[in-house]
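Beneath this line is the structure, given in structure tokens, with notes to follow.
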Amino acid sequence: MTDTLAPTRRARGTVLAAAPLTIMAAAIIAPSLPAMREDFADTPGSGLLVRLALTVTSLAIAISAPLAGIVADRVGRRPLLLAGLGLYAVSGTAGFFVDDLYLLLITRAGLGLAVGGIMTAISTLITDWFTGERRASFLGLQQAFASLGGVVFLPLAGLLATVSWQAPFWIYSVSAVVAVFAIVSLREPVRDSPSAREDGRSRLPARIVGVYVLALVVTLVFYMAPTQLPFLLEGFGSGPAVIGVVVAGSTLTGVAGALAFPRLRGRRGPTAITTVSVALMGVGWLVIGTAGTVAQVVAGLLAGGLGVGLVVPNLNLLLAEFAHPAQRGRVLSGLVTGIFLGQFLSPLVVQPLVQGIGIAGSFIWTGIALGTGAALAALLSNRNNGKETR
């Protein structure tokens with residue numbers, strides 16, 4: 001697929017409008033959790049189940065994304081996106097109406113299924129539409145819009161939660177508006193049919209699996225910010241409002257990183273960008289772990305957010321270049337799985353470290369590990385480049 005078949009401006013706008021829906025999906029209800037716990041206090045195990053209402057969405061995304069990839073390749077990107085947007089609106093807003101905690105968990109899992117489909121569909125559409133620099137540019141723009149969604153919708157959710165813990169669920173209805181534009185503006189791109197050897201039954205190359213693992217690790221580490229930082233900041237005497245603003249800082253620099261990605265990608269290769277991204281996260285986490293003030297925590301978080309803003313579109317582009325057009329849905333869906341499985345696993349994996357050396361110590365040693373990994377990657381890359389020039 002070449003740029004001569006690029007989509008209309010309205011089609012591009014629709015895909016960018018769908019991008020924020022993925023980032024905000026799980027976190028929209030975070031401000032509502034304390035009130036939810038009180039409202040469902042009579043339900044056995046409500047303390048844990050209310051927390052699961054937040055994390056089950058990420059788990060459902062991780063599990064459903066591979067299926068979404070198969071649908072994208074065999075049925076089409078447009079039908080998958082429309083189905084995902086419709087399910088998103090229904091399952092998301094359902095939280096306003098349900099009064100049973102177990103039923104709420106079911107609707108949250110349905111929301112995860114929807115996000116898995118939406119993310120896979122928009123990533124494959126972008127890689128179908130564009131090649132070369134335009135693909136890199138639009139993937140960076142997609143990540144920037146996704147991060148901007150967090151900046152806009154998460155504070156709105158907090159405001160609505162002061163009215164009622166159920167009120168933020170209405171934010172999910174935005175998906176219905178995007179669905180209308182998708183119906184009107186999107187057309188299924190022309191794709192090559194998979195051959196007998198490219199029908200998805202062959203094993204994935206090791207380099208593709210390596211990208212998945214890297215995405216999982218990066219996301220697992222980055223999600224230490226929303227899951228661990230509130231408790232660290234509490235030790236500095238920060239209240240909920242300050243904590244919310246501080247954590248949102250990573251989203252802002254994520255936008256900056258995503259917007260800078262296309263220009264950087266034109267000058268540096270994917271390995272170099274990944275190395276820089278991991279190094280930024282390592283430095284940021286070291287600063288957070290050694291911080292003595294809230295301002296120092298903010299500085300570290302801004303550096304880490306910049307790294308994530310660079311690495312996500314970089315991995316997306318790398319997979320798009322690896323994958324045959326007939327397999328892009330399946331290949332890119334693995335990245336979705338890696339990202340959201342990392343989100344789900346983050347508190348579980350980090351908790352033993354927190355119990356052993358504390359939250360600050362966990363950030364320090366994670367930062368050291370990331371910095372060491374980035375240094376080794378840079379060393380190996382330089383050595384390989386040196387061999388190629390001999």
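Identifiers in this document derive from the order of the structure tokens: chains are assigned A, B, ..., residues are numbered from 1 separately in each chain, and ligands are numbered from 1 in order of occurrence.
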
Q: Identify, with DSSP run on backbone atoms, the residues in range 179-386 of chain A assigned to alpha helix (DSSP H), and express the list as a VMD selection string.
A: chain A and resid 179 to 185 206 to 222 224 to 234 240 to 267 270 to 290 294 to 322 328 to 386

For Val312 in chain A, list every protein, DNA or RNA residue within 9 Å, evaluated using only C-alpha atoms, and leave out those in the same chain fewer than 3 positions away; present the list as a ChimeraX atom specification.
/A:139-140,143,215,258,307-309,315-317

Next item on the list: May I have the residues within 9 Å of range 152-154 of chain A as a PyMOL selection string, using only C-alpha atoms and disregarding those fewer than 4 positions away in the same chain?
Entry: chain A and resi 20+24+27-31+148+158-159+171+248

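Shell of range 91-98 of chain A at 8 Å, with only C-alpha atoms counted and residues fewer than 5 places along the chain excluded, is A:Leu103, A:Leu104, A:Thr107, A:Arg108, A:Gly110, A:Leu111, A:Gln166, A:Ala167, A:Phe169, A:Trp170, A:Ile171, A:Tyr172, A:Ser173.
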
Save out the residues we just selected, N, CA and C atoms, as a CSV table (one decimal), in the first residue's frame.
chain,number,residue,atom,x,y,z
A,103,LEU,N,-21.6,-7.7,38.0
A,103,LEU,CA,-22.1,-7.3,36.7
A,103,LEU,C,-21.2,-6.2,36.1
A,104,LEU,N,-20.8,-5.3,37.0
A,104,LEU,CA,-19.9,-4.2,36.6
A,104,LEU,C,-18.6,-4.8,36.1
A,107,THR,N,-19.0,-5.9,32.6
A,107,THR,CA,-19.0,-4.8,31.6
A,107,THR,C,-17.6,-4.2,31.4
A,108,ARG,N,-16.8,-4.3,32.5
A,108,ARG,CA,-15.4,-3.8,32.3
A,108,ARG,C,-14.6,-4.7,31.5
A,110,GLY,N,-15.9,-6.4,29.0
A,110,GLY,CA,-16.4,-6.1,27.7
A,110,GLY,C,-15.7,-4.9,27.1
A,111,LEU,N,-15.4,-3.9,28.0
A,111,LEU,CA,-14.7,-2.7,27.5
A,111,LEU,C,-13.3,-3.1,27.1
A,166,GLN,N,-20.6,7.3,39.6
A,166,GLN,CA,-21.1,6.7,38.3
A,166,GLN,C,-21.0,7.7,37.2
A,167,ALA,N,-20.9,9.0,37.5
A,167,ALA,CA,-21.0,10.0,36.4
A,167,ALA,C,-19.8,9.8,35.4
A,169,PHE,N,-18.7,7.4,33.9
A,169,PHE,CA,-19.0,6.4,32.9
A,169,PHE,C,-19.6,7.0,31.7
A,170,TRP,N,-20.2,8.1,31.8
A,170,TRP,CA,-20.8,8.8,30.6
A,170,TRP,C,-19.7,9.2,29.6
A,171,ILE,N,-18.5,9.4,30.1
A,171,ILE,CA,-17.4,9.8,29.1
A,171,ILE,C,-17.2,8.7,28.0
A,172,TYR,N,-17.5,7.5,28.3
A,172,TYR,CA,-17.3,6.4,27.3
A,172,TYR,C,-18.3,6.6,26.1
A,173,SER,N,-19.3,7.4,26.3
A,173,SER,CA,-20.3,7.6,25.2
A,173,SER,C,-19.6,8.4,24.0

Could you pull the residues within 9 Å of Ala11 in chain A, counting only C-alpha atoms, minus those fewer than 3 positions along the same chain, as a compact mmCIF listing (two decimals) with all heavy atoms, in the first residue's frame?
# COMPACT_ATOMS: atom_id res chain seq x y z
N PRO A 7 -5.74 7.98 2.80
CA PRO A 7 -7.13 8.24 3.15
C PRO A 7 -7.47 9.73 3.10
O PRO A 7 -6.59 10.58 3.05
CB PRO A 7 -7.24 7.70 4.57
CG PRO A 7 -5.87 7.91 5.13
CD PRO A 7 -4.94 7.64 3.98
N THR A 8 -8.75 10.02 3.16
CA THR A 8 -9.21 11.40 3.21
C THR A 8 -8.85 12.03 4.55
O THR A 8 -8.53 11.33 5.52
CB THR A 8 -10.73 11.48 3.02
OG1 THR A 8 -11.37 10.82 4.13
CG2 THR A 8 -11.15 10.81 1.72
N THR A 14 -10.73 10.69 11.99
CA THR A 14 -11.50 9.68 12.72
C THR A 14 -10.58 8.73 13.47
O THR A 14 -10.82 8.40 14.64
CB THR A 14 -12.40 8.90 11.76
OG1 THR A 14 -13.32 9.79 11.13
CG2 THR A 14 -13.17 7.81 12.49
N VAL A 15 -9.52 8.28 12.80
CA VAL A 15 -8.57 7.38 13.45
C VAL A 15 -7.87 8.07 14.62
O VAL A 15 -7.69 7.47 15.69
CB VAL A 15 -7.55 6.87 12.41
CG1 VAL A 15 -6.36 6.22 13.10
CG2 VAL A 15 -8.21 5.86 11.48
N LEU A 16 -7.50 9.33 14.43
CA LEU A 16 -6.86 10.06 15.53
C LEU A 16 -7.83 10.30 16.68
O LEU A 16 -7.43 10.29 17.85
CB LEU A 16 -6.31 11.40 15.01
CG LEU A 16 -5.12 11.31 14.05
CD1 LEU A 16 -4.73 12.70 13.56
CD2 LEU A 16 -3.94 10.64 14.73
N PHE A 181 -18.64 8.92 12.72
CA PHE A 181 -17.66 9.41 11.75
C PHE A 181 -16.96 8.26 11.04
O PHE A 181 -16.65 8.35 9.84
CB PHE A 181 -16.64 10.31 12.44
CG PHE A 181 -17.12 11.70 12.68
CD1 PHE A 181 -17.68 12.06 13.90
CD2 PHE A 181 -17.02 12.66 11.68
CE1 PHE A 181 -18.13 13.34 14.12
CE2 PHE A 181 -17.47 13.96 11.89
CZ PHE A 181 -18.04 14.30 13.12
N ALA A 182 -16.72 7.16 11.77
CA ALA A 182 -16.07 6.00 11.15
C ALA A 182 -16.95 5.39 10.07
O ALA A 182 -16.46 4.99 9.01
CB ALA A 182 -15.73 4.97 12.22
N VAL A 184 -19.14 6.89 8.23
CA VAL A 184 -19.25 7.80 7.08
C VAL A 184 -17.92 7.91 6.32
O VAL A 184 -17.92 7.96 5.08
CB VAL A 184 -19.70 9.19 7.56
CG1 VAL A 184 -19.65 10.19 6.41
CG2 VAL A 184 -21.10 9.12 8.15
N SER A 185 -16.80 7.92 7.03
CA SER A 185 -15.54 8.32 6.40
C SER A 185 -14.58 7.18 6.06
O SER A 185 -13.74 7.34 5.17
CB SER A 185 -14.80 9.31 7.31
OG SER A 185 -14.43 8.68 8.54
N LEU A 186 -14.68 6.05 6.73
CA LEU A 186 -13.69 5.01 6.53
C LEU A 186 -14.10 4.01 5.46
O LEU A 186 -15.27 3.62 5.38
CB LEU A 186 -13.42 4.26 7.85
CG LEU A 186 -12.70 5.05 8.95
CD1 LEU A 186 -12.51 4.16 10.17
CD2 LEU A 186 -11.35 5.55 8.46
N ARG A 187 -13.14 3.60 4.69
CA ARG A 187 -13.32 2.53 3.71
C ARG A 187 -12.26 1.47 3.97
O ARG A 187 -11.15 1.79 4.40
CB ARG A 187 -13.18 3.07 2.28
CG ARG A 187 -14.24 4.10 1.91
CD ARG A 187 -15.62 3.45 1.84
NE ARG A 187 -16.66 4.45 1.51
CZ ARG A 187 -17.38 5.08 2.43
NH1 ARG A 187 -17.15 4.85 3.72
NH2 ARG A 187 -18.30 5.94 2.08

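Comparing the minimum interatomic distances between Gly117 in chain A and each of A:Glu133, A:Leu67, A:Gly149, A:Ile208, counting only C-alpha atoms, we find that A:Leu67 sits nearest.
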
12 Å contact set for Ala62 in chain A, only C-alpha atoms, chain neighbours under 6 positions out, as a ChimeraX atom specification
/A:55-56,68-69,109,111-117,119-120,212,216,333-345

In terms of only C-alpha atoms, the residue from A:Gly76, A:Gly269, A:Gly235, A:Gly300 at minimal distance from Val247 in chain A is A:Gly300

| Quick one: residues within 7 Å of Ala19 in chain A, only C-alpha atoms counted, chain neighbours fewer than 5 positions away excluded, as number ranges by chain? | A: 142, 145-146
